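Everything below concerns the one structure shown next.
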2 protein chains.
Amino acid sequence: MKKNAEACEITYVDEKKVKKVQREMLREKAVETISDMFKALGDYTRLKILYALSKEELCVRDLSSLLETSISAISHQLRVLRNLRLVKPRRQGKVVYYSLDDDHVLSLLQIGVKHAEES
Amino acid sequence: MKKNAEACEITYVDEKKVKKVQREMLREKAVETISDMFKALGDYTRLKILYALSKEELCVRDLSSLLETSISAISHQLRVLRNLRLVKPRRQGKVVYYSLDDDHVLSLLQIGVKHAEES
DNA sequence: TGAACAATTGAATAATTATTCAATTTTTCA
DNA sequence: TGAAAAATTGAATAATTATTCAATTGTTCA
């Protein structure tokens with residue numbers, strides 16, 4: 001991502017309105033946290049992983065065969081989701097089972113499904 | 001994105017469970033629609049645009065000064081959001097005002113904010 | 001009409017990121 | 001102990017995408 005040069009010469013159409021919204025805007029930190037979560041859901045593989053895990057706790061290999069994606073690719077994406085604390089692992093012997101670890105993900109998925117049904 | 005080669009040799013840990021989840025999985029079309037929406041929310045600039053528009057109807061220039069991002073960059077992102085029917089334009093003379101055009105976006109933003117507050 | 005402003009657009013560039021491949025870690029069990 | 005299985009990891013590659021820059025479209029109004 002590149003930064004803008006145009007920003008120094010700020011001109012408004014409706015300065016009052018802009019200032020008002022400016023006060024209501026999200027903090028940078030919140031923007032990061034929120035967009036990271038949406039970014040996680042905004043990828044085919046990760047969305048399918050999360051959706052599958054909303055139905056069943058699954059191990060890496062089963063996710064791999066379910067989504068027809070390599071073990072390694074699944075594992076990389078699981079790490080992304082783990083770092084965001086959206087899923088959690090449970091080790092049982094050699095096998096690592098994953099499940100959802102965030103109350104909001106399920107709500108988001110449901111809204112997503114509703115959105116898809118209506119369009 | 002690349003496709004996997006590993007997929008031909010499918011092995012299961014728990015075939016029954018995989019088959020069950022397979023039946024419950026989303027259709028490819030739905031996965032696309034849903035992840036497109038989340039992808040839209042998963043970018044700093046677009047997330048801020050949508051959040052700002054949830055507070056006020058705004059024109060391109062005001063979004064540009066509010067987010068300190070070039071007119072052109074904003075316009076490109078607005079097109080993405082327009083194509084997904086997440087925002088809608090309203091022309092008044094030379095100025096184009098944008099507002100939210102999807103009932104789900106607001107719900108998603110609210111869950112996002114809640115998520116950020118809890119982490 | 002034509003100058004000025006708002007916004008859009010296409011192409012190019014700069015960044016980001018998903019997947020692959022090879023190597024490694026962790027655990028089981030023969 | 002050591003071979004085998006499951007998963008993770010790092011580096012490289014392949015794709016995708018956000019922003020910039022320059023040119024253009026659409027609209028107003030003097």
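Following the order of the structure tokens, chains are lettered A, B, ..., residues in each are numbered from 1, and ligands are numbered from 1.
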May I ask you to extract the residues of chain B within 12 Å of chain D, using only C-alpha atoms (C1' of nucleotides), and to give them as a short mmCIF file (atom, residue, chain, number, x, y, z; two decimals) with N, CA and C atoms, in the first residue's frame?
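What ended up in selection_22.cif:
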```
data_model
loop_
_atom_site.label_atom_id
_atom_site.label_comp_id
_atom_site.auth_asym_id
_atom_site.auth_seq_id
_atom_site.Cartn_x
_atom_site.Cartn_y
_atom_site.Cartn_z
N MET B 1 -3.54 -17.10 -6.89
CA MET B 1 -3.75 -18.33 -6.14
C MET B 1 -3.44 -19.57 -6.98
N LYS B 2 -2.77 -20.50 -6.37
CA LYS B 2 -2.42 -21.72 -7.08
C LYS B 2 -3.28 -22.88 -6.60
N LYS B 3 -3.37 -23.89 -7.45
CA LYS B 3 -4.15 -25.06 -7.06
C LYS B 3 -3.22 -26.14 -6.52
N VAL B 13 -8.97 -38.98 8.17
CA VAL B 13 -8.78 -39.45 9.53
C VAL B 13 -10.14 -39.96 10.00
N LYS B 39 -14.20 -9.50 2.18
CA LYS B 39 -13.00 -8.92 1.57
C LYS B 39 -13.16 -7.40 1.51
N ALA B 40 -14.37 -6.98 1.18
CA ALA B 40 -14.63 -5.55 1.10
C ALA B 40 -14.41 -4.87 2.44
N ASP B 43 -10.29 -4.32 4.27
CA ASP B 43 -9.26 -3.38 3.84
C ASP B 43 -9.45 -2.06 4.60
N TYR B 44 -8.34 -1.53 5.13
CA TYR B 44 -8.38 -0.29 5.90
C TYR B 44 -9.27 0.78 5.27
N THR B 45 -8.92 1.13 4.04
CA THR B 45 -9.61 2.24 3.39
C THR B 45 -11.10 1.97 3.24
N ARG B 46 -11.43 0.77 2.75
CA ARG B 46 -12.85 0.47 2.56
C ARG B 46 -13.60 0.36 3.88
N THR B 69 -6.81 10.36 2.09
CA THR B 69 -6.48 9.46 0.98
C THR B 69 -6.90 10.17 -0.31
N SER B 70 -6.15 9.94 -1.38
CA SER B 70 -6.43 10.66 -2.63
C SER B 70 -7.83 10.40 -3.16
N ILE B 71 -8.35 11.39 -3.86
CA ILE B 71 -9.67 11.27 -4.49
C ILE B 71 -9.73 10.01 -5.34
N SER B 72 -8.68 9.80 -6.11
CA SER B 72 -8.66 8.67 -7.03
C SER B 72 -8.73 7.34 -6.30
N ALA B 73 -7.94 7.21 -5.25
CA ALA B 73 -7.95 5.97 -4.48
C ALA B 73 -9.33 5.73 -3.87
N ILE B 74 -9.92 6.78 -3.34
CA ILE B 74 -11.26 6.65 -2.77
C ILE B 74 -12.25 6.21 -3.84
N SER B 75 -12.15 6.84 -4.98
CA SER B 75 -13.08 6.55 -6.06
C SER B 75 -12.96 5.09 -6.53
N HIS B 76 -11.72 4.63 -6.63
CA HIS B 76 -11.52 3.23 -7.00
C HIS B 76 -12.17 2.29 -5.99
N GLN B 77 -11.99 2.59 -4.73
CA GLN B 77 -12.56 1.72 -3.70
C GLN B 77 -14.08 1.83 -3.67
N VAL B 80 -15.47 -0.53 -6.14
CA VAL B 80 -15.52 -1.90 -5.63
C VAL B 80 -16.78 -2.09 -4.77
N ARG B 91 -26.37 11.51 -7.16
CA ARG B 91 -25.75 12.67 -7.81
C ARG B 91 -26.56 13.93 -7.56
N GLN B 92 -25.87 15.00 -7.15
CA GLN B 92 -26.55 16.28 -6.97
C GLN B 92 -25.64 17.32 -7.63
N GLY B 93 -25.99 17.66 -8.84
CA GLY B 93 -25.14 18.58 -9.59
C GLY B 93 -23.82 17.90 -9.91
N LYS B 94 -22.72 18.58 -9.57
CA LYS B 94 -21.41 18.00 -9.84
C LYS B 94 -20.98 17.00 -8.78
N VAL B 95 -21.64 17.07 -7.65
CA VAL B 95 -21.21 16.26 -6.50
C VAL B 95 -21.94 14.93 -6.42
N VAL B 96 -21.20 13.87 -6.13
CA VAL B 96 -21.81 12.55 -5.95
C VAL B 96 -21.73 12.16 -4.47
#
```
Neighbours of chain A in chain B at 6 Å, counting only C-alpha atoms, as an mmCIF file with N, CA, C and O atoms, in the first residue's frame:
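Final output, part-v2.cif:
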```cif
data_model
loop_
_atom_site.group_PDB
_atom_site.id
_atom_site.type_symbol
_atom_site.label_atom_id
_atom_site.label_comp_id
_atom_site.auth_asym_id
_atom_site.auth_seq_id
_atom_site.Cartn_x
_atom_site.Cartn_y
_atom_site.Cartn_z
ATOM 1 N N ASN B 4 -3.808 -27.038 -5.770
ATOM 2 C CA ASN B 4 -3.031 -28.095 -5.143
ATOM 3 C C ASN B 4 -2.848 -29.300 -6.052
ATOM 4 O O ASN B 4 -3.687 -29.605 -6.888
ATOM 5 N N GLU B 6 -1.694 -32.140 -4.403
ATOM 6 C CA GLU B 6 -1.821 -33.159 -3.381
ATOM 7 C C GLU B 6 -3.228 -33.749 -3.309
ATOM 8 O O GLU B 6 -3.430 -34.815 -2.752
ATOM 9 N N ALA B 7 -4.185 -33.071 -3.903
ATOM 10 C CA ALA B 7 -5.594 -33.367 -3.661
ATOM 11 C C ALA B 7 -6.056 -34.708 -4.222
ATOM 12 O O ALA B 7 -7.040 -35.267 -3.767
ATOM 13 N N ILE B 10 -6.556 -38.444 -1.711
ATOM 14 C CA ILE B 10 -7.274 -38.038 -0.510
ATOM 15 C C ILE B 10 -7.301 -39.149 0.541
ATOM 16 O O ILE B 10 -7.670 -40.281 0.252
ATOM 17 N N TYR B 12 -8.449 -39.831 4.729
ATOM 18 C CA TYR B 12 -9.228 -39.268 5.819
ATOM 19 C C TYR B 12 -8.752 -39.773 7.159
ATOM 20 O O TYR B 12 -8.253 -40.880 7.270
ATOM 21 N N ALA B 30 -22.042 -19.285 -3.052
ATOM 22 C CA ALA B 30 -22.240 -18.594 -1.778
ATOM 23 C C ALA B 30 -20.904 -18.217 -1.157
ATOM 24 O O ALA B 30 -20.738 -17.116 -0.623
ATOM 25 N N THR B 33 -19.775 -15.059 -2.876
ATOM 26 C CA THR B 33 -20.536 -13.884 -2.467
ATOM 27 C C THR B 33 -20.162 -13.439 -1.060
ATOM 28 O O THR B 33 -19.942 -12.255 -0.798
ATOM 29 N N ILE B 34 -20.089 -14.404 -0.161
ATOM 30 C CA ILE B 34 -19.797 -14.081 1.232
ATOM 31 C C ILE B 34 -18.373 -13.562 1.399
ATOM 32 O O ILE B 34 -18.146 -12.539 2.043
ATOM 33 N N SER B 35 -17.425 -14.249 0.772
ATOM 34 C CA SER B 35 -16.045 -13.808 0.981
ATOM 35 C C SER B 35 -15.782 -12.475 0.286
ATOM 36 O O SER B 35 -14.965 -11.685 0.737
ATOM 37 N N PHE B 38 -16.840 -9.920 2.835
ATOM 38 C CA PHE B 38 -15.864 -9.796 3.913
ATOM 39 C C PHE B 38 -14.567 -9.181 3.398
ATOM 40 O O PHE B 38 -13.921 -8.398 4.101
ATOM 41 N N LYS B 39 -14.196 -9.505 2.183
ATOM 42 C CA LYS B 39 -13.000 -8.921 1.575
ATOM 43 C C LYS B 39 -13.157 -7.402 1.506
ATOM 44 O O LYS B 39 -12.220 -6.660 1.759
ATOM 45 N N LEU B 41 -14.763 -5.549 3.504
ATOM 46 C CA LEU B 41 -14.593 -4.982 4.847
ATOM 47 C C LEU B 41 -13.189 -5.220 5.391
ATOM 48 O O LEU B 41 -12.827 -4.670 6.429
ATOM 49 N N GLY B 42 -12.412 -5.997 4.692
ATOM 50 C CA GLY B 42 -11.109 -6.391 5.200
ATOM 51 C C GLY B 42 -9.974 -5.504 4.734
ATOM 52 O O GLY B 42 -8.813 -5.896 4.782
ATOM 53 N N ASP B 43 -10.292 -4.323 4.267
ATOM 54 C CA ASP B 43 -9.257 -3.377 3.840
ATOM 55 C C ASP B 43 -9.451 -2.062 4.596
ATOM 56 O O ASP B 43 -10.578 -1.572 4.715
ATOM 57 N N ASP B 62 -15.171 14.739 0.432
ATOM 58 C CA ASP B 62 -15.190 14.722 1.898
ATOM 59 C C ASP B 62 -14.643 13.415 2.458
ATOM 60 O O ASP B 62 -13.938 13.408 3.468
ATOM 61 N N SER B 65 -10.854 13.826 2.228
ATOM 62 C CA SER B 65 -10.190 14.603 3.277
ATOM 63 C C SER B 65 -10.344 13.939 4.641
ATOM 64 O O SER B 65 -9.415 13.950 5.445
ATOM 65 N N GLU B 68 -7.863 11.135 4.574
ATOM 66 C CA GLU B 68 -6.534 11.541 4.117
ATOM 67 C C GLU B 68 -5.987 10.582 3.069
ATOM 68 O O GLU B 68 -4.882 10.069 3.176
ATOM 69 N N THR B 69 -6.812 10.361 2.088
ATOM 70 C CA THR B 69 -6.476 9.458 0.984
ATOM 71 C C THR B 69 -6.895 10.167 -0.305
ATOM 72 O O THR B 69 -7.873 10.908 -0.311
ATOM 73 N N SER B 70 -6.151 9.944 -1.384
ATOM 74 C CA SER B 70 -6.428 10.659 -2.625
ATOM 75 C C SER B 70 -7.831 10.396 -3.161
ATOM 76 O O SER B 70 -8.399 9.329 -2.939
ATOM 77 N N GLY B 112 -18.013 -6.142 14.441
ATOM 78 C CA GLY B 112 -16.592 -5.833 14.351
ATOM 79 C C GLY B 112 -16.133 -4.936 15.486
ATOM 80 O O GLY B 112 -15.112 -5.188 16.133
ATOM 81 N N ALA B 116 -13.486 -5.704 18.526
ATOM 82 C CA ALA B 116 -12.298 -4.883 18.795
ATOM 83 C C ALA B 116 -12.269 -4.427 20.244
ATOM 84 O O ALA B 116 -11.214 -4.348 20.878
#
```
What is the distance between CA of Leu106 in chain B and CA of Arg90 in chain B, in Å to one decimal?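 A separation of 19.4 Å between them.
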Taking only C-alpha atoms (C1' of nucleotides) into account, find every residue of chain C that has an atom no more than 9 Å from chain A, and write it out as a ChimeraX atom specification. /C:14-16,18-20,26-28
Quick one: pick out all helix (DSSP H, G or I) residues within range 30-107 of chain A from a backbone DSSP run and write them as a ChimeraX atom specification. /A:30-41,44-55,60-67,71-83,103-107
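Backbone DSSP over chain B gives strand (DSSP E or B) for Leu58, Cys59, Val87, Lys88, Pro89, Arg90, Arg91, Gln92, Val95, Val96, Tyr97, Tyr98, Ser99 and Leu100 of chain B.
Taking CA of Asp101 in chain B as the reference point, CA of Arg23 in chain A is found at 23.1 Å.
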